[in-house]
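**Q** My structure is stored as start-v1.cif, with mmCIF, C-alpha atoms; chains and numbers go by the auth columns.
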data_data
#
loop_
_atom_site.group_PDB
_atom_site.id
_atom_site.type_symbol
_atom_site.label_atom_id
_atom_site.label_comp_id
_atom_site.label_asym_id
_atom_site.label_seq_id
_atom_site.Cartn_x
_atom_site.Cartn_y
_atom_site.Cartn_z
_atom_site.B_iso_or_equiv
_atom_site.auth_seq_id
_atom_site.auth_asym_id
ATOM 1 C CA ASP A 1 -14.988 -3.822 -30.901 0.00 1 A
ATOM 2 C CA ALA A 2 -12.793 -0.787 -31.721 0.00 2 A
ATOM 3 C CA GLY A 3 -10.579 -2.801 -34.070 0.00 3 A
ATOM 4 C CA VAL A 4 -7.373 -2.005 -32.177 0.00 4 A
ATOM 5 C CA SER A 5 -4.916 -4.015 -30.085 0.00 5 A
ATOM 6 C CA THR A 6 -5.308 -4.471 -26.328 0.00 6 A
ATOM 7 C CA THR A 7 -2.079 -2.483 -25.967 0.00 7 A
ATOM 8 C CA THR A 8 -3.671 0.510 -27.687 0.00 8 A
ATOM 9 C CA VAL A 9 -6.727 0.217 -25.437 0.00 9 A
ATOM 10 C CA SER A 10 -4.405 0.110 -22.419 0.00 10 A
ATOM 11 C CA HIS A 11 -2.601 3.260 -23.563 0.00 11 A
ATOM 12 C CA VAL A 12 -5.904 5.094 -24.037 0.00 12 A
ATOM 13 C CA VAL A 13 -7.320 3.988 -20.666 0.00 13 A
ATOM 14 C CA ASN A 14 -4.109 4.577 -18.694 0.00 14 A
ATOM 15 C CA LYS A 15 -2.886 7.563 -20.724 0.00 15 A
ATOM 16 C CA THR A 16 0.585 6.006 -20.866 0.00 16 A
ATOM 17 C CA ARG A 17 1.404 6.876 -24.501 0.00 17 A
ATOM 18 C CA TYR A 18 0.193 9.105 -27.249 0.00 18 A
ATOM 19 C CA VAL A 19 -2.673 7.615 -29.253 0.00 19 A
ATOM 20 C CA SER A 20 -4.125 9.540 -32.173 0.00 20 A
ATOM 21 C CA PRO A 21 -7.380 11.395 -31.537 0.00 21 A
ATOM 22 C CA GLU A 22 -9.212 9.160 -34.043 0.00 22 A
ATOM 23 C CA LEU A 23 -8.143 5.920 -32.341 0.00 23 A
ATOM 24 C CA THR A 24 -8.755 7.401 -28.903 0.00 24 A
ATOM 25 C CA GLN A 25 -12.288 8.310 -29.947 0.00 25 A
ATOM 26 C CA ARG A 26 -12.934 4.783 -31.312 0.00 26 A
ATOM 27 C CA VAL A 27 -11.636 3.190 -28.127 0.00 27 A
ATOM 28 C CA ASN A 28 -13.666 5.532 -25.898 0.00 28 A
ATOM 29 C CA GLU A 29 -16.835 4.884 -27.922 0.00 29 A
ATOM 30 C CA SER A 30 -16.311 1.111 -27.569 0.00 30 A
ATOM 31 C CA ILE A 31 -15.662 1.495 -23.841 0.00 31 A
ATOM 32 C CA LYS A 32 -18.918 3.414 -23.466 0.00 32 A
ATOM 33 C CA LYS A 33 -20.887 0.982 -25.664 0.00 33 A
ATOM 34 C CA LEU A 34 -19.591 -2.053 -23.774 0.00 34 A
ATOM 35 C CA ASN A 35 -19.875 -0.395 -20.321 0.00 35 A
ATOM 36 C CA TYR A 36 -16.246 -1.347 -19.728 0.00 36 A
ATOM 37 C CA ILE A 37 -14.905 -0.754 -16.229 0.00 37 A
ATOM 38 C CA PRO A 38 -11.166 -1.258 -15.694 0.00 38 A
ATOM 39 C CA ASN A 39 -10.270 -3.992 -13.223 0.00 39 A
ATOM 40 C CA MET A 40 -8.145 -2.106 -10.692 0.00 40 A
ATOM 41 C CA VAL A 41 -7.334 -5.274 -8.737 0.00 41 A
ATOM 42 C CA ALA A 42 -5.766 -6.821 -11.835 0.00 42 A
ATOM 43 C CA ARG A 43 -3.982 -3.555 -12.621 0.00 43 A
ATOM 44 C CA ASN A 44 -2.627 -3.346 -9.077 0.00 44 A
ATOM 45 C CA PHE A 45 -1.455 -6.949 -9.318 0.00 45 A
ATOM 46 C CA ARG A 46 0.456 -6.193 -12.535 0.00 46 A
ATOM 47 C CA THR A 47 1.980 -2.977 -11.233 0.00 47 A
ATOM 48 C CA SER A 48 2.522 -4.167 -7.618 0.00 48 A
ATOM 49 C CA GLY A 49 0.696 -1.180 -6.202 0.00 49 A
ATOM 50 C CA SER A 50 -2.243 1.126 -6.508 0.00 50 A
ATOM 51 C CA ASN A 51 -3.176 4.760 -6.755 0.00 51 A
ATOM 52 C CA THR A 52 -5.330 4.472 -3.678 0.00 52 A
ATOM 53 C CA VAL A 53 -4.731 6.282 -0.408 0.00 53 A
ATOM 54 C CA ALA A 54 -6.407 5.189 2.832 0.00 54 A
ATOM 55 C CA VAL A 55 -7.692 7.833 5.226 0.00 55 A
ATOM 56 C CA ILE A 56 -8.206 6.360 8.708 0.00 56 A
ATOM 57 C CA VAL A 57 -10.110 8.360 11.324 0.00 57 A
ATOM 58 C CA GLN A 58 -11.980 7.435 14.471 0.00 58 A
ATOM 59 C CA GLN A 59 -15.365 8.674 13.293 0.00 59 A
ATOM 60 C CA THR A 60 -16.843 10.498 10.339 0.00 60 A
ATOM 61 C CA SER A 61 -19.814 11.931 12.218 0.00 61 A
ATOM 62 C CA SER A 62 -17.499 14.674 13.472 0.00 62 A
ATOM 63 C CA LEU A 63 -17.930 17.814 11.374 0.00 63 A
ATOM 64 C CA PHE A 64 -14.177 18.378 11.644 0.00 64 A
ATOM 65 C CA PHE A 65 -13.170 14.991 10.185 0.00 65 A
ATOM 66 C CA SER A 66 -15.934 15.131 7.608 0.00 66 A
ATOM 67 C CA LYS A 67 -14.598 18.443 6.296 0.00 67 A
ATOM 68 C CA VAL A 68 -10.974 17.259 6.470 0.00 68 A
ATOM 69 C CA PHE A 69 -11.842 14.142 4.461 0.00 69 A
ATOM 70 C CA ASP A 70 -13.685 16.192 1.827 0.00 70 A
ATOM 71 C CA GLU A 71 -10.610 18.374 1.335 0.00 71 A
ATOM 72 C CA ILE A 72 -8.233 15.378 1.223 0.00 72 A
ATOM 73 C CA ALA A 73 -10.476 13.617 -1.305 0.00 73 A
ATOM 74 C CA ASP A 74 -10.674 16.709 -3.532 0.00 74 A
ATOM 75 C CA VAL A 75 -6.887 16.956 -3.715 0.00 75 A
ATOM 76 C CA LEU A 76 -6.329 13.221 -4.222 0.00 76 A
ATOM 77 C CA TYR A 77 -9.039 12.800 -6.877 0.00 77 A
ATOM 78 C CA SER A 78 -7.757 15.790 -8.833 0.00 78 A
ATOM 79 C CA ASN A 79 -4.307 14.170 -8.854 0.00 79 A
ATOM 80 C CA GLY A 80 -5.482 10.783 -10.135 0.00 80 A
ATOM 81 C CA TYR A 81 -5.795 8.923 -6.828 0.00 81 A
ATOM 82 C CA SER A 82 -8.668 6.967 -5.327 0.00 82 A
ATOM 83 C CA VAL A 83 -9.497 7.152 -1.630 0.00 83 A
ATOM 84 C CA PHE A 84 -10.606 4.617 0.970 0.00 84 A
ATOM 85 C CA LEU A 85 -12.263 6.182 4.016 0.00 85 A
ATOM 86 C CA CYS A 86 -11.934 3.947 7.070 0.00 86 A
ATOM 87 C CA THR A 87 -13.356 4.521 10.518 0.00 87 A
ATOM 88 C CA THR A 88 -12.164 2.874 13.704 0.00 88 A
ATOM 89 C CA LYS A 89 -15.011 3.789 16.028 0.00 89 A
ATOM 90 C CA SER A 90 -16.134 0.193 16.505 0.00 90 A
ATOM 91 C CA THR A 91 -12.988 -1.688 15.519 0.00 91 A
ATOM 92 C CA ASP A 92 -9.277 -1.840 16.294 0.00 92 A
ATOM 93 C CA GLU A 93 -7.262 0.896 14.602 0.00 93 A
ATOM 94 C CA LEU A 94 -4.239 -1.363 14.053 0.00 94 A
ATOM 95 C CA GLU A 95 -6.366 -4.016 12.318 0.00 95 A
ATOM 96 C CA VAL A 96 -7.765 -1.373 9.967 0.00 96 A
ATOM 97 C CA PHE A 97 -4.224 -0.116 9.285 0.00 97 A
ATOM 98 C CA LYS A 98 -2.998 -3.668 8.518 0.00 98 A
ATOM 99 C CA SER A 99 -6.007 -4.289 6.280 0.00 99 A
ATOM 100 C CA MET A 100 -5.249 -1.189 4.215 0.00 100 A
ATOM 101 C CA VAL A 101 -1.609 -2.267 3.817 0.00 101 A
ATOM 102 C CA GLN A 102 -2.875 -5.686 2.643 0.00 102 A
ATOM 103 C CA GLN A 103 -5.109 -3.879 0.125 0.00 103 A
ATOM 104 C CA GLN A 104 -1.848 -2.433 -1.231 0.00 104 A
ATOM 105 C CA VAL A 105 -2.779 1.200 -0.770 0.00 105 A
ATOM 106 C CA CYS A 106 0.039 3.506 -1.832 0.00 106 A
ATOM 107 C CA GLY A 107 -0.151 5.589 1.354 0.00 107 A
ATOM 108 C CA ILE A 108 -2.069 6.133 4.592 0.00 108 A
ATOM 109 C CA ILE A 109 -3.344 9.332 6.184 0.00 109 A
ATOM 110 C CA LEU A 110 -4.107 8.600 9.843 0.00 110 A
ATOM 111 C CA SER A 111 -5.504 10.370 12.872 0.00 111 A
ATOM 112 C CA PRO A 112 -3.632 8.196 15.403 0.00 112 A
ATOM 113 C CA GLN A 113 -5.278 7.010 18.590 0.00 113 A
ATOM 114 C CA ARG A 114 -2.143 5.632 20.207 0.00 114 A
ATOM 115 C CA ARG A 115 0.519 8.040 21.429 0.00 115 A
ATOM 116 C CA ASP A 116 3.240 5.468 22.138 0.00 116 A
ATOM 117 C CA PHE A 117 2.881 3.035 19.240 0.00 117 A
ATOM 118 C CA ASN A 118 5.346 2.907 16.344 0.00 118 A
ATOM 119 C CA TYR A 119 3.029 2.789 13.324 0.00 119 A
ATOM 120 C CA ARG A 120 6.057 2.395 11.048 0.00 120 A
ATOM 121 C CA THR A 121 6.303 -1.232 12.197 0.00 121 A
ATOM 122 C CA LEU A 122 3.098 -1.923 10.222 0.00 122 A
ATOM 123 C CA CYS A 123 4.285 -0.250 7.008 0.00 123 A
ATOM 124 C CA PRO A 124 5.471 -2.444 4.117 0.00 124 A
ATOM 125 C CA GLN A 125 8.700 -0.440 3.688 0.00 125 A
ATOM 126 C CA ASP A 126 10.599 2.381 5.390 0.00 126 A
ATOM 127 C CA LYS A 127 9.607 5.048 2.870 0.00 127 A
ATOM 128 C CA PHE A 128 5.903 4.099 2.782 0.00 128 A
ATOM 129 C CA PRO A 129 3.928 7.394 2.732 0.00 129 A
ATOM 130 C CA LEU A 130 2.345 7.907 6.149 0.00 130 A
ATOM 131 C CA VAL A 131 0.901 11.231 7.320 0.00 131 A
ATOM 132 C CA PHE A 132 -0.643 11.940 10.714 0.00 132 A
ATOM 133 C CA ILE A 133 -3.492 14.446 10.873 0.00 133 A
ATOM 134 C CA ASP A 134 -4.942 16.289 13.872 0.00 134 A
ATOM 135 C CA ARG A 135 -3.212 14.095 16.443 0.00 135 A
ATOM 136 C CA LYS A 136 0.422 13.356 17.125 0.00 136 A
ATOM 137 C CA THR A 137 2.434 10.591 18.698 0.00 137 A
ATOM 138 C CA ARG A 138 5.416 10.832 21.018 0.00 138 A
ATOM 139 C CA LEU A 139 7.608 9.131 18.426 0.00 139 A
ATOM 140 C CA ILE A 140 8.482 11.062 15.283 0.00 140 A
ATOM 141 C CA GLN A 141 7.450 8.569 12.599 0.00 141 A
ATOM 142 C CA SER A 142 6.048 10.609 9.770 0.00 142 A
ATOM 143 C CA ASP A 143 4.908 13.988 8.579 0.00 143 A
ATOM 144 C CA MET A 144 2.182 15.523 10.744 0.00 144 A
ATOM 145 C CA ILE A 145 -0.493 18.096 10.109 0.00 145 A
ATOM 146 C CA THR A 146 -1.756 19.423 13.435 0.00 146 A
ATOM 147 C CA CYS A 147 -2.492 22.697 15.125 0.00 147 A
ATOM 148 C CA ASP A 148 -0.940 24.086 18.287 0.00 148 A
ATOM 149 C CA ASN A 149 -3.691 22.964 20.666 0.00 149 A
ATOM 150 C CA TYR A 150 -1.687 23.922 23.758 0.00 150 A
ATOM 151 C CA ASN A 151 -1.192 27.593 22.814 0.00 151 A
ATOM 152 C CA ILE A 152 -4.667 27.905 21.290 0.00 152 A
ATOM 153 C CA SER A 153 -6.119 26.792 24.619 0.00 153 A
ATOM 154 C CA ILE A 154 -3.977 29.300 26.518 0.00 154 A
ATOM 155 C CA GLU A 155 -5.039 32.130 24.179 0.00 155 A
ATOM 156 C CA ALA A 156 -8.730 31.194 24.566 0.00 156 A
ATOM 157 C CA ILE A 157 -8.483 31.226 28.375 0.00 157 A
ATOM 158 C CA LYS A 158 -6.535 34.542 28.359 0.00 158 A
ATOM 159 C CA LEU A 159 -9.274 36.086 26.200 0.00 159 A
ATOM 160 C CA LEU A 160 -11.990 34.955 28.624 0.00 160 A
ATOM 161 C CA ILE A 161 -9.998 36.268 31.606 0.00 161 A
ATOM 162 C CA SER A 162 -9.460 39.630 29.845 0.00 162 A
ATOM 163 C CA LYS A 163 -13.245 39.911 29.484 0.00 163 A
ATOM 164 C CA GLY A 164 -13.645 39.507 33.268 0.00 164 A
ATOM 165 C CA HIS A 165 -14.584 35.837 33.470 0.00 165 A
ATOM 166 C CA LYS A 166 -13.313 34.068 36.583 0.00 166 A
ATOM 167 C CA SER A 167 -15.010 30.686 36.636 0.00 167 A
ATOM 168 C CA ILE A 168 -13.944 28.961 33.420 0.00 168 A
ATOM 169 C CA GLY A 169 -14.657 25.287 32.849 0.00 169 A
ATOM 170 C CA TYR A 170 -13.248 22.803 30.372 0.00 170 A
ATOM 171 C CA ILE A 171 -15.350 20.105 28.693 0.00 171 A
ATOM 172 C CA SER A 172 -13.509 17.213 27.096 0.00 172 A
ATOM 173 C CA SER A 173 -14.525 14.397 24.784 0.00 173 A
ATOM 174 C CA VAL A 174 -14.784 10.786 25.912 0.00 174 A
ATOM 175 C CA TRP A 175 -11.178 10.278 24.754 0.00 175 A
ATOM 176 C CA GLY A 176 -10.080 13.021 27.192 0.00 176 A
ATOM 177 C CA THR A 177 -6.657 12.068 28.432 0.00 177 A
ATOM 178 C CA SER A 178 -5.705 9.500 25.790 0.00 178 A
ATOM 179 C CA VAL A 179 -5.602 11.654 22.652 0.00 179 A
ATOM 180 C CA SER A 180 -2.875 14.250 22.028 0.00 180 A
ATOM 181 C CA THR A 181 -5.284 17.035 21.034 0.00 181 A
ATOM 182 C CA ASN A 182 -7.163 16.813 24.336 0.00 182 A
ATOM 183 C CA ILE A 183 -4.003 16.372 26.422 0.00 183 A
ATOM 184 C CA ASP A 184 -2.506 19.552 24.898 0.00 184 A
ATOM 185 C CA ARG A 185 -5.768 21.507 25.303 0.00 185 A
ATOM 186 C CA ILE A 186 -6.200 20.443 28.942 0.00 186 A
ATOM 187 C CA GLN A 187 -2.587 21.363 29.739 0.00 187 A
ATOM 188 C CA GLY A 188 -3.051 24.770 28.112 0.00 188 A
ATOM 189 C CA TYR A 189 -6.242 25.262 30.139 0.00 189 A
ATOM 190 C CA LYS A 190 -4.438 24.352 33.382 0.00 190 A
ATOM 191 C CA ASP A 191 -1.378 26.474 32.659 0.00 191 A
#
Show this structure as structure tokens.

**A**
Amino acid sequence: DAGVSTTTVSHVVNKTRYVSPELTQRVNESIKKLNYIPNMVARNFRTSGSNTVAVIVQQTSSLFFSKVFDEIADVLYSNGYSVFLCTTKSTDELEVFKSMVQQQVCGIILSPQRRDFNYRTLCPQDKFPLVFIDRKTRLIQSDMITCDNYNISIEAIKLLISKGHKSIGYISSVWGTSVSTNIDRIQGYKD
């Protein structure tokens, strides 16, 4: 409809080469008129990959993970990536991980549930981008973004003691002793 080659359209859509402003405008007007939507599956097939990152968390109802995902999405979208948000509340985390690898995502951001599992065994190659958030594993497998739950817990208890409190309780989530964040917090509380 724009009177240009499919290669020119591809360069305009993918911004892979300079196309004159006049041709770019004609292509964009035709795209709008025809309601064209690029087929990312076909593109991924041709390029053997995608610009999609999977974020896998246990639940999104948590205000913490909701906010974390919003921030991750803002950064990824502004850098030309798409994002899959996956939850594992009612399904097996490893199956979700495998599914995202099969979808040919270009990286995975994961809040791991298992402390002793080598997630790298599920990655398509050694250098596959994998980042752990909030929780850690015993095996060093990837970059991690966490906070020092152990020392934060100690500091919180010290503050309460300094204010004269003597009977201090600790309330844990249902994942209590199986998730690194809770294990570190409980140990800090006890110490």

**Q** Around all of region 17-32 of chain A's listed atoms, make the axis-aligned box with 8 Å on each side and tell me centre and edge lengths in Å to one decimal, as AutoDock Vina command-line options.

**A**
--center_x -8.8 --center_y 6.3 --center_z -28.8 --size_x 36.3 --size_y 26.3 --size_z 26.6

**Q** Can you spell out as a PyMOL selection string the set of residues that the PyMOL selection byres ((chain A and resi 105-120) around 8) selects in the structure I just provided?

**A** chain A and resi 49-58+93+100-104+121-123+126+128-139+141+178-180

**Q** Suppose you want the space between CA of Glu95 (chain A) and CA of Val83 (chain A); what is it in Å?

**A**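 A separation of 18.1 Å between them.
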
**Q** Interatomic distance between CA of Asp74 (chain A) and CA of Lys15 (chain A)?

**A**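 Distance reported for this atom pair: 21.0 Å.
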
**Q** Interatomic distance between CA of Ile161 (chain A) and CA of Ile183 (chain A)?

**A**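 Going from CA of Ile161 (chain A) over to CA of Ile183 (chain A), I get 21.4 Å.
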
**Q** Counting all atoms listed in the file, figure out which residue out of A:Val13, A:His165, A:Asp143, A:Ser153 gets nearest to Lys32 (chain A).

**A**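 Looking only at the distances to Lys32 (chain A), the closest residue turns out to be A:Val13.
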
**Q** Please write the residues picked by the PyMOL selection byres ((chain A and resi 25) around 12) on this file as a ChimeraX atom specification.

**A** /A:2-4,8-9,12-13,19-24,26-32

**Q** Of the candidates A:Leu94, A:Cys86, A:Ser61, A:Ile154, which shows the shortest atom-to-atom distance to Arg185 (chain A), using only C-alpha atoms?

**A**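 For Arg185 (chain A), the nearest of the candidates is A:Ile154.
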
**Q** Of the candidates A:Arg17, A:Asp70, A:Lys98, A:Lys127, which one gets nearest to Leu85 (chain A) if we count all atoms listed in the file?

**A**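 The answer is A:Asp70, which sits nearest to Leu85 (chain A).
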
**Q** Under the rule that all atoms listed in the file are counted, which of A:Ile168, A:Thr146, A:Asn182, A:His11 is the nearest residue to Val68 (chain A)?

**A**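 Checking each of A:Ile168, A:Thr146, A:Asn182, A:His11 against Val68 (chain A), counting all atoms listed in the file, the winner is A:Thr146.
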
**Q** So, with only C-alpha atoms as the atoms that count, which of A:Phe97, A:Tyr170, A:Tyr18, A:Tyr189 lies closest to Asn149 (chain A)?

**A**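 The answer is A:Tyr189, which sits nearest to Asn149 (chain A).
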